[in-house]
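> Provided herewith is a single structure, encoded as structure tokens, for subsequent inquiry.
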Amino acid sequence: MLTIKNLHATVDGQEILKGLELEVPEGEVHAIMGPNGSGKSTLAHVLAGRPGYTVTAGSVHFKGRDLLALSPEERAREGVFLGFQYPVEIPGVNNVYLLKAAVNAARAHRGEPEVDAFEFLTLVREKMRLMRMDDSMLSRGVNEGFSGGEKKRNEILQMLVLEPSLAVLDETDSGLDIDALKIVAHGVNTLRAPNRSQLLVTHYQRLLEHIVPDAVHVLVKGRIVRSGDRTLALELEKRGYDWLIGEAA
Amino acid sequence: MNGAVLNRLKEEFGAVRAALPESVIGSARRGEALEALCAQGLPGTRDENWRYTDLRRLEQARFAPAQAQAAVLPPLPTAPEGYVRYVFLDGRLHTDADAPHGVVVRTARSQEPGSTPWRLEARLPEARLALLNETFATDAVSIDVAPGTQATGIELLFVASAAATEGASYPRVRLALGAGARVSVIERHLGRAEAHSLVNSAVHVDLAAAATLTHYRVQQLGAQAAWFDTLSAELAAEARYDLLAVGAGALSARSTVHARLSGRGAAMSLAAAALADGQQSLDLYALSEHIAPHTRTEQTFRGIASSRARAAFNGKVIVRETARGTDSRQSLRGLLDGTQCEIDLRPQLEIYTDEVRCSHGATAGKLDENMLFYLLSRGIAPEAAQHLLKWAFLEDVIAKIAPRDLRRQVETTLLGQMRDLDTLKELL
């Protein structure tokens, strides 16, 4: 699904990713962990194509295609979804309108007709129940006045409706209380399927108590320094990152 | 040059004076108005409060009123539900209506000869273009709402049809609400798409104690038109005036709004949106004057300038010595969509007493990169994302338009202006 080779990327002229290698096979959920400033969020944004994040070397292939050659909106339409660490508030743009526009953009890209308005709303309501979101959210602006937890749930809601092939969730667990964390994890687990992959970027192990990853990678100073199964996350929880930072140096 | 224009103005007035209707404004009073205007001179770009106005059209104008046109109206928008409609063509009543219960509507047609014409508020600090209106007005609509009346809505539609070479049009409105009266008024200025019309409107609002007026003003004149406008308002105790102004049309537009809150506890909100594209210049000068204690005002402006256009809002709040306990807020925001456009925001506060709460914020900038990327990351095309954000920017104001039909019509006008009807039509 996703193959990253020798990825180097800079932000404001500073190199953040320094030769990152990663392989996420179809159907798997991988976690990227690492200390602050290790490049986790940079990786997420590079995958989504955010302006200002410059790839200076290496390659990223998504379903065998050169992902880096695509614009941000093309990546989204091809099935790459970025769950934001800090979802943006856009007052005046209705939540449902954005969702529908996003779904229709992907459908048009695949040569499919627009989604039926009634069926779409039914689908959204069903997913909202799953995310325990209030119906009032339907009529509100994108993330407008949402609490931190509501914003994160809204990200997962969008993911559930868009059904991406590859979801990259950037610290979706940060700032969530335990109940919200469970709801978010439930949403993520719902989307698990043989033809979908997910990349969870997280600082803490606690999300992985609810979403069992197929692999855990540790990112330090712009490179993956260790990969393992979920027990690696538990080890990090006990020992912290310092021992790996020592190794990376 | 100003002198040459004034001389021409006098000549034009002399030529048409006898033909101007006495029932609207007496000939003597017209002469006085012109004298006062000449004494002050026409506004120039050196005047601090006219810096952002495109005044060239005024210099080139033919001031005498356009002759009554053949009674052919361009297609009009459907009347919003619950509103009684009056249509004026080139400044003269075209389509009359039955006044709502408790409301008296007078025009030149209905006024008896010799009845006292009303005059605009004389205390306006900037009344020059209102004086011009007073000199040439060919009709005037005067609306009195009886005390305590909860009246049906009234829509005043001013259609500009004549080209500026044929003469100007002078819409003139007086709205007076008795104590405790409540009404909603829509005032729209529209015109033939291609007409180079010159429109100079003057509106006076007089609210008695505890009266409530909701006033929607929509300027959607043709792309070559020029609009100059003066609105004055006087608010008695506990009166409430909600003014919502949308500027989308005309090549150059300037509106001067002056509200005096002279009664204790009076409150006014002004919410304005401007969408300027091409070579358009849209300028709004708003003065809120707190005179009585515990008065409240709120000014909200959202302006977008694209291409080589300019959108300006000059918002001044004066708190007089007598106005303790005043609460005033200004929120002015401009959006630059291009490298050659211009946004001018000028929040000004003059406070002459203590115990007041005044806040103001003014920001102008480009589209928010974070918002833009968020939309792109959801698969929205860049151009559509930009349109969507521009749209959202104006929503702070547009969402306050309560009559659903009017709101839709305004939205459609703005979308048409954005030239992206297809992408955004689902928003409606």
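We label chains A, B, ... in the order they appear in the structure tokens, count residues from 1 in each chain, and number ligands from 1 in the order shown.
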Report as a Markdown table: every residue of range 273-366 of chain B with an atom at most 9 Å from range 222-246 of chain B, its closest pair of atoms, and their distance in Å to one decimal, counting only C-alpha atoms, with rows sorted by chain and ascending residue number.

| residue | atom | partner | partner_atom | distance |
| --- | --- | --- | --- | --- |
| B:Ala273 | CA | B:Val246 | CA | 4.9 |
| B:Ala274 | CA | B:Val246 | CA | 5.9 |
| B:Leu275 | CA | B:Val246 | CA | 8.3 |
| B:Gln280 | CA | B:Ala223 | CA | 8.3 |
| B:Ala292 | CA | B:Ala237 | CA | 8.3 |
| B:Thr295 | CA | B:Glu238 | CA | 8.4 |
> Which neighbours of Ala253 in chain B fall inside 10 Å, counting only C-alpha atoms, when residues of the same chain fewer than 6 positions from it are skipped, and could you give them as a list of chain:residue names?
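Listed by chain and then number, they are B:Thr53, B:Asp54, B:Leu55, B:Arg57, B:Leu198, B:Val199, B:Asn200, B:Gln219, B:Leu221, B:Ala225, B:Ala226, B:Trp227, B:Phe228, B:Asp229, B:Gly247, B:Gln280, B:Ser281, B:Leu282, B:Asp283, B:Leu284, B:Ala311.
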> Counting only C-alpha atoms, a student should be able to say which residues of chain A come within 9 Å of chain B; what is the right answer, written as a tab-separated table (two decimals) with N, CA, C and O atoms, in the first residue's frame?

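Final file, part.tsv:
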chain	number	residue	atom	x	y	z
A	48	ALA	N	0.52	13.98	3.00
A	48	ALA	CA	-0.69	14.66	2.52
A	48	ALA	C	-0.37	15.75	1.51
A	48	ALA	O	-1.27	16.27	0.86
A	49	GLY	N	0.91	16.12	1.40
A	49	GLY	CA	1.30	17.11	0.39
A	49	GLY	C	1.17	18.54	0.83
A	49	GLY	O	0.91	19.43	0.01
A	50	ARG	N	1.38	18.79	2.09
A	50	ARG	CA	1.21	20.16	2.58
A	50	ARG	C	2.29	21.09	2.01
A	50	ARG	O	3.47	20.76	2.04
A	51	PRO	N	1.88	22.26	1.50
A	51	PRO	CA	2.88	23.22	1.01
A	51	PRO	C	3.81	23.61	2.16
A	51	PRO	O	3.38	23.72	3.30
A	71	SER	N	-0.92	16.30	-6.45
A	71	SER	CA	-1.26	17.47	-5.63
A	71	SER	C	-2.03	16.98	-4.39
A	71	SER	O	-2.52	15.85	-4.38
A	72	PRO	N	-2.13	17.83	-3.38
A	72	PRO	CA	-2.85	17.41	-2.16
A	72	PRO	C	-4.26	16.88	-2.45
A	72	PRO	O	-4.67	15.86	-1.90
A	73	GLU	N	-5.00	17.61	-3.32
A	73	GLU	CA	-6.38	17.18	-3.56
A	73	GLU	C	-6.43	15.88	-4.35
A	73	GLU	O	-7.33	15.07	-4.15
A	74	GLU	N	-5.44	15.67	-5.23
A	74	GLU	CA	-5.41	14.40	-5.97
A	74	GLU	C	-5.11	13.23	-5.02
A	74	GLU	O	-5.69	12.16	-5.15
A	75	ARG	N	-4.23	13.47	-4.08
A	75	ARG	CA	-3.93	12.42	-3.10
A	75	ARG	C	-5.20	12.03	-2.34
A	75	ARG	O	-5.48	10.86	-2.13
A	76	ALA	N	-5.94	13.07	-1.94
A	76	ALA	CA	-7.17	12.80	-1.20
A	76	ALA	C	-8.14	11.99	-2.04
A	76	ALA	O	-8.73	11.02	-1.58
A	77	ARG	N	-8.28	12.39	-3.31
A	77	ARG	CA	-9.24	11.69	-4.19
A	77	ARG	C	-8.79	10.27	-4.49
A	77	ARG	O	-9.60	9.40	-4.76
A	78	GLU	N	-7.46	10.06	-4.44
A	78	GLU	CA	-6.93	8.71	-4.67
A	78	GLU	C	-7.11	7.82	-3.44
A	78	GLU	O	-6.90	6.62	-3.51
A	80	VAL	N	-6.02	8.91	0.03
A	80	VAL	CA	-5.16	9.18	1.17
A	80	VAL	C	-5.89	10.18	2.07
A	80	VAL	O	-6.38	11.21	1.60
A	81	PHE	N	-5.98	9.86	3.35
A	81	PHE	CA	-6.69	10.74	4.28
A	81	PHE	C	-5.76	11.15	5.40
A	81	PHE	O	-5.11	10.30	6.01
A	82	LEU	N	-5.70	12.43	5.67
A	82	LEU	CA	-4.92	12.91	6.82
A	82	LEU	C	-5.87	13.36	7.92
A	82	LEU	O	-6.69	14.25	7.72
A	84	PHE	N	-6.06	15.40	11.06
A	84	PHE	CA	-5.20	16.47	11.58
A	84	PHE	C	-5.01	16.41	13.09
A	84	PHE	O	-5.94	16.08	13.83
A	87	PRO	N	-7.29	20.02	14.01
A	87	PRO	CA	-8.27	20.27	12.94
A	87	PRO	C	-8.66	21.75	12.89
A	87	PRO	O	-8.82	22.39	13.92
A	88	VAL	N	-8.77	22.25	11.68
A	88	VAL	CA	-8.98	23.68	11.47
A	88	VAL	C	-10.46	24.03	11.59
A	88	VAL	O	-11.31	23.31	11.09
A	89	GLU	N	-10.73	25.14	12.24
A	89	GLU	CA	-12.11	25.64	12.28
A	89	GLU	C	-12.37	26.48	11.03
A	89	GLU	O	-11.58	27.36	10.71
A	90	ILE	N	-13.44	26.19	10.33
A	90	ILE	CA	-13.78	27.01	9.17
A	90	ILE	C	-15.22	27.49	9.32
A	90	ILE	O	-16.14	26.92	8.77
A	91	PRO	N	-15.42	28.57	10.07
A	91	PRO	CA	-16.77	29.10	10.24
A	91	PRO	C	-17.36	29.47	8.88
A	91	PRO	O	-16.64	29.99	8.02
A	92	GLY	N	-18.62	29.19	8.71
A	92	GLY	CA	-19.27	29.57	7.46
A	92	GLY	C	-19.27	28.46	6.42
A	92	GLY	O	-20.01	28.53	5.46
A	93	VAL	N	-18.41	27.46	6.58
A	93	VAL	CA	-18.47	26.30	5.68
A	93	VAL	C	-19.11	25.17	6.47
A	93	VAL	O	-18.57	24.72	7.47
A	94	ASN	N	-20.26	24.77	6.01
A	94	ASN	CA	-21.02	23.76	6.73
A	94	ASN	C	-20.32	22.40	6.71
A	94	ASN	O	-19.80	21.95	5.69
A	97	TYR	N	-21.75	19.98	4.23
A	97	TYR	CA	-21.43	20.40	2.87
A	97	TYR	C	-20.02	19.97	2.51
A	97	TYR	O	-19.77	19.44	1.43
A	98	LEU	N	-19.09	20.18	3.44
A	98	LEU	CA	-17.70	19.81	3.17
A	98	LEU	C	-17.58	18.30	2.95
A	98	LEU	O	-16.93	17.85	2.00
A	99	LEU	N	-18.24	17.55	3.81
A	99	LEU	CA	-18.19	16.09	3.69
A	99	LEU	C	-18.71	15.64	2.33
A	99	LEU	O	-18.10	14.80	1.65
A	101	ALA	N	-19.01	17.44	-0.40
A	101	ALA	CA	-18.12	17.91	-1.47
A	101	ALA	C	-16.91	16.98	-1.57
A	101	ALA	O	-16.44	16.67	-2.68
A	102	ALA	N	-16.41	16.54	-0.42
A	102	ALA	CA	-15.24	15.65	-0.41
A	102	ALA	C	-15.59	14.30	-1.05
A	102	ALA	O	-14.84	13.77	-1.87
A	103	VAL	N	-16.73	13.76	-0.67
A	103	VAL	CA	-17.17	12.48	-1.23
A	103	VAL	C	-17.36	12.60	-2.74
A	103	VAL	O	-16.89	11.76	-3.52
A	104	ASN	N	-18.02	13.68	-3.16
A	104	ASN	CA	-18.28	13.85	-4.58
A	104	ASN	C	-17.00	14.11	-5.38
A	104	ASN	O	-16.90	13.70	-6.55
A	105	ALA	N	-16.03	14.78	-4.76
A	105	ALA	CA	-14.76	15.00	-5.46
A	105	ALA	C	-14.09	13.66	-5.76
A	105	ALA	O	-13.59	13.43	-6.86
A	106	ALA	N	-14.12	12.77	-4.77
A	106	ALA	CA	-13.51	11.45	-4.96
A	106	ALA	C	-14.29	10.64	-5.98
A	106	ALA	O	-13.72	9.94	-6.83
A	158	GLN	N	-15.18	12.03	9.37
A	158	GLN	CA	-14.85	12.27	7.95
A	158	GLN	C	-14.18	11.05	7.35
A	158	GLN	O	-14.47	10.64	6.23
A	162	LEU	N	-15.50	8.92	4.21
A	162	LEU	CA	-14.68	8.93	2.99
A	162	LEU	C	-14.07	7.55	2.68
A	162	LEU	O	-13.71	7.28	1.54
> For a test of reading the model, state the distance in Å between CA of Ser169 in chain B and CA of Leu132 in chain B, rounded to one decimal.
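These two atoms are separated by 10.9 Å.
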> Can you tell me, as a list in words, what residues are no more than 12 Å from Lys182 in chain A when counting only C-alpha atoms, ignoring any on the same chain fewer than 3 positions away?
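Once the nearby chain positions are removed, what remains is Leu130, Met131, Arg132, Gly149, Lys152, Arg153, Thr172, Asp173, Leu176, Asp177, Ile178, Asp179, Ala185, His186, Gly187, Val188, Asn189, Arg206, Leu207, Leu208, Glu209, His210 and Ile211 of chain A.
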> Neighbours of Gly64 in chain A within 9 Å (only C-alpha atoms; same-chain residues fewer than 3 positions away dropped), as a PyMOL selection string?
chain A and resi 1-3+61+67
> As a ChimeraX atom specification, please: the residues near Arg308 in chain B (cut-off 7 Å, only C-alpha atoms, same-chain neighbours under 5 positions excluded).
/B:277-279,340-341
> What's around range 1-12 of chain B at 8 Å? Count only C-alpha atoms, leave out sequence neighbours fewer than 6 positions away in its own chain, and write the answer as an MDAnalysis selection string.
chainID B and resid 34 38 41:42 59 63:64
> With N, CA and C atoms kept, could you save the residues just selected as a PDB file, in the first residue's frame?

ATOM      1  N   LEU B  34     -28.515  73.793  -2.208  1.00  0.00           N
ATOM      2  CA  LEU B  34     -27.414  73.948  -3.165  1.00  0.00           C
ATOM      3  C   LEU B  34     -26.409  74.987  -2.674  1.00  0.00           C
ATOM      4  N   CYS B  38     -22.531  74.335  -2.054  1.00  0.00           N
ATOM      5  CA  CYS B  38     -21.471  75.116  -2.706  1.00  0.00           C
ATOM      6  C   CYS B  38     -20.531  75.739  -1.675  1.00  0.00           C
ATOM      7  N   GLY B  41     -18.370  72.897  -0.653  1.00  0.00           N
ATOM      8  CA  GLY B  41     -17.632  72.282  -1.759  1.00  0.00           C
ATOM      9  C   GLY B  41     -17.891  70.793  -1.835  1.00  0.00           C
ATOM     10  N   LEU B  42     -17.657  70.232  -2.990  1.00  0.00           N
ATOM     11  CA  LEU B  42     -17.841  68.783  -3.138  1.00  0.00           C
ATOM     12  C   LEU B  42     -16.684  68.062  -2.455  1.00  0.00           C
ATOM     13  N   GLU B  59     -17.304  63.999 -10.559  1.00  0.00           N
ATOM     14  CA  GLU B  59     -16.798  65.155 -11.302  1.00  0.00           C
ATOM     15  C   GLU B  59     -17.344  65.193 -12.732  1.00  0.00           C
ATOM     16  N   PHE B  63     -25.795  66.232 -13.316  1.00  0.00           N
ATOM     17  CA  PHE B  63     -26.489  66.176 -12.030  1.00  0.00           C
ATOM     18  C   PHE B  63     -28.005  66.235 -12.152  1.00  0.00           C
ATOM     19  N   ALA B  64     -28.477  66.938 -13.179  1.00  0.00           N
ATOM     20  CA  ALA B  64     -29.924  67.085 -13.303  1.00  0.00           C
ATOM     21  C   ALA B  64     -30.563  65.711 -13.391  1.00  0.00           C
TER      22      ALA B  64
END
> Smallest atom-to-atom distance to Glu150 in chain A: which of A:Tyr86, A:Glu163, A:Val55, A:Arg192, using only C-alpha atoms?
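Answer, going by the shortest atom-to-atom distance: A:Tyr86.
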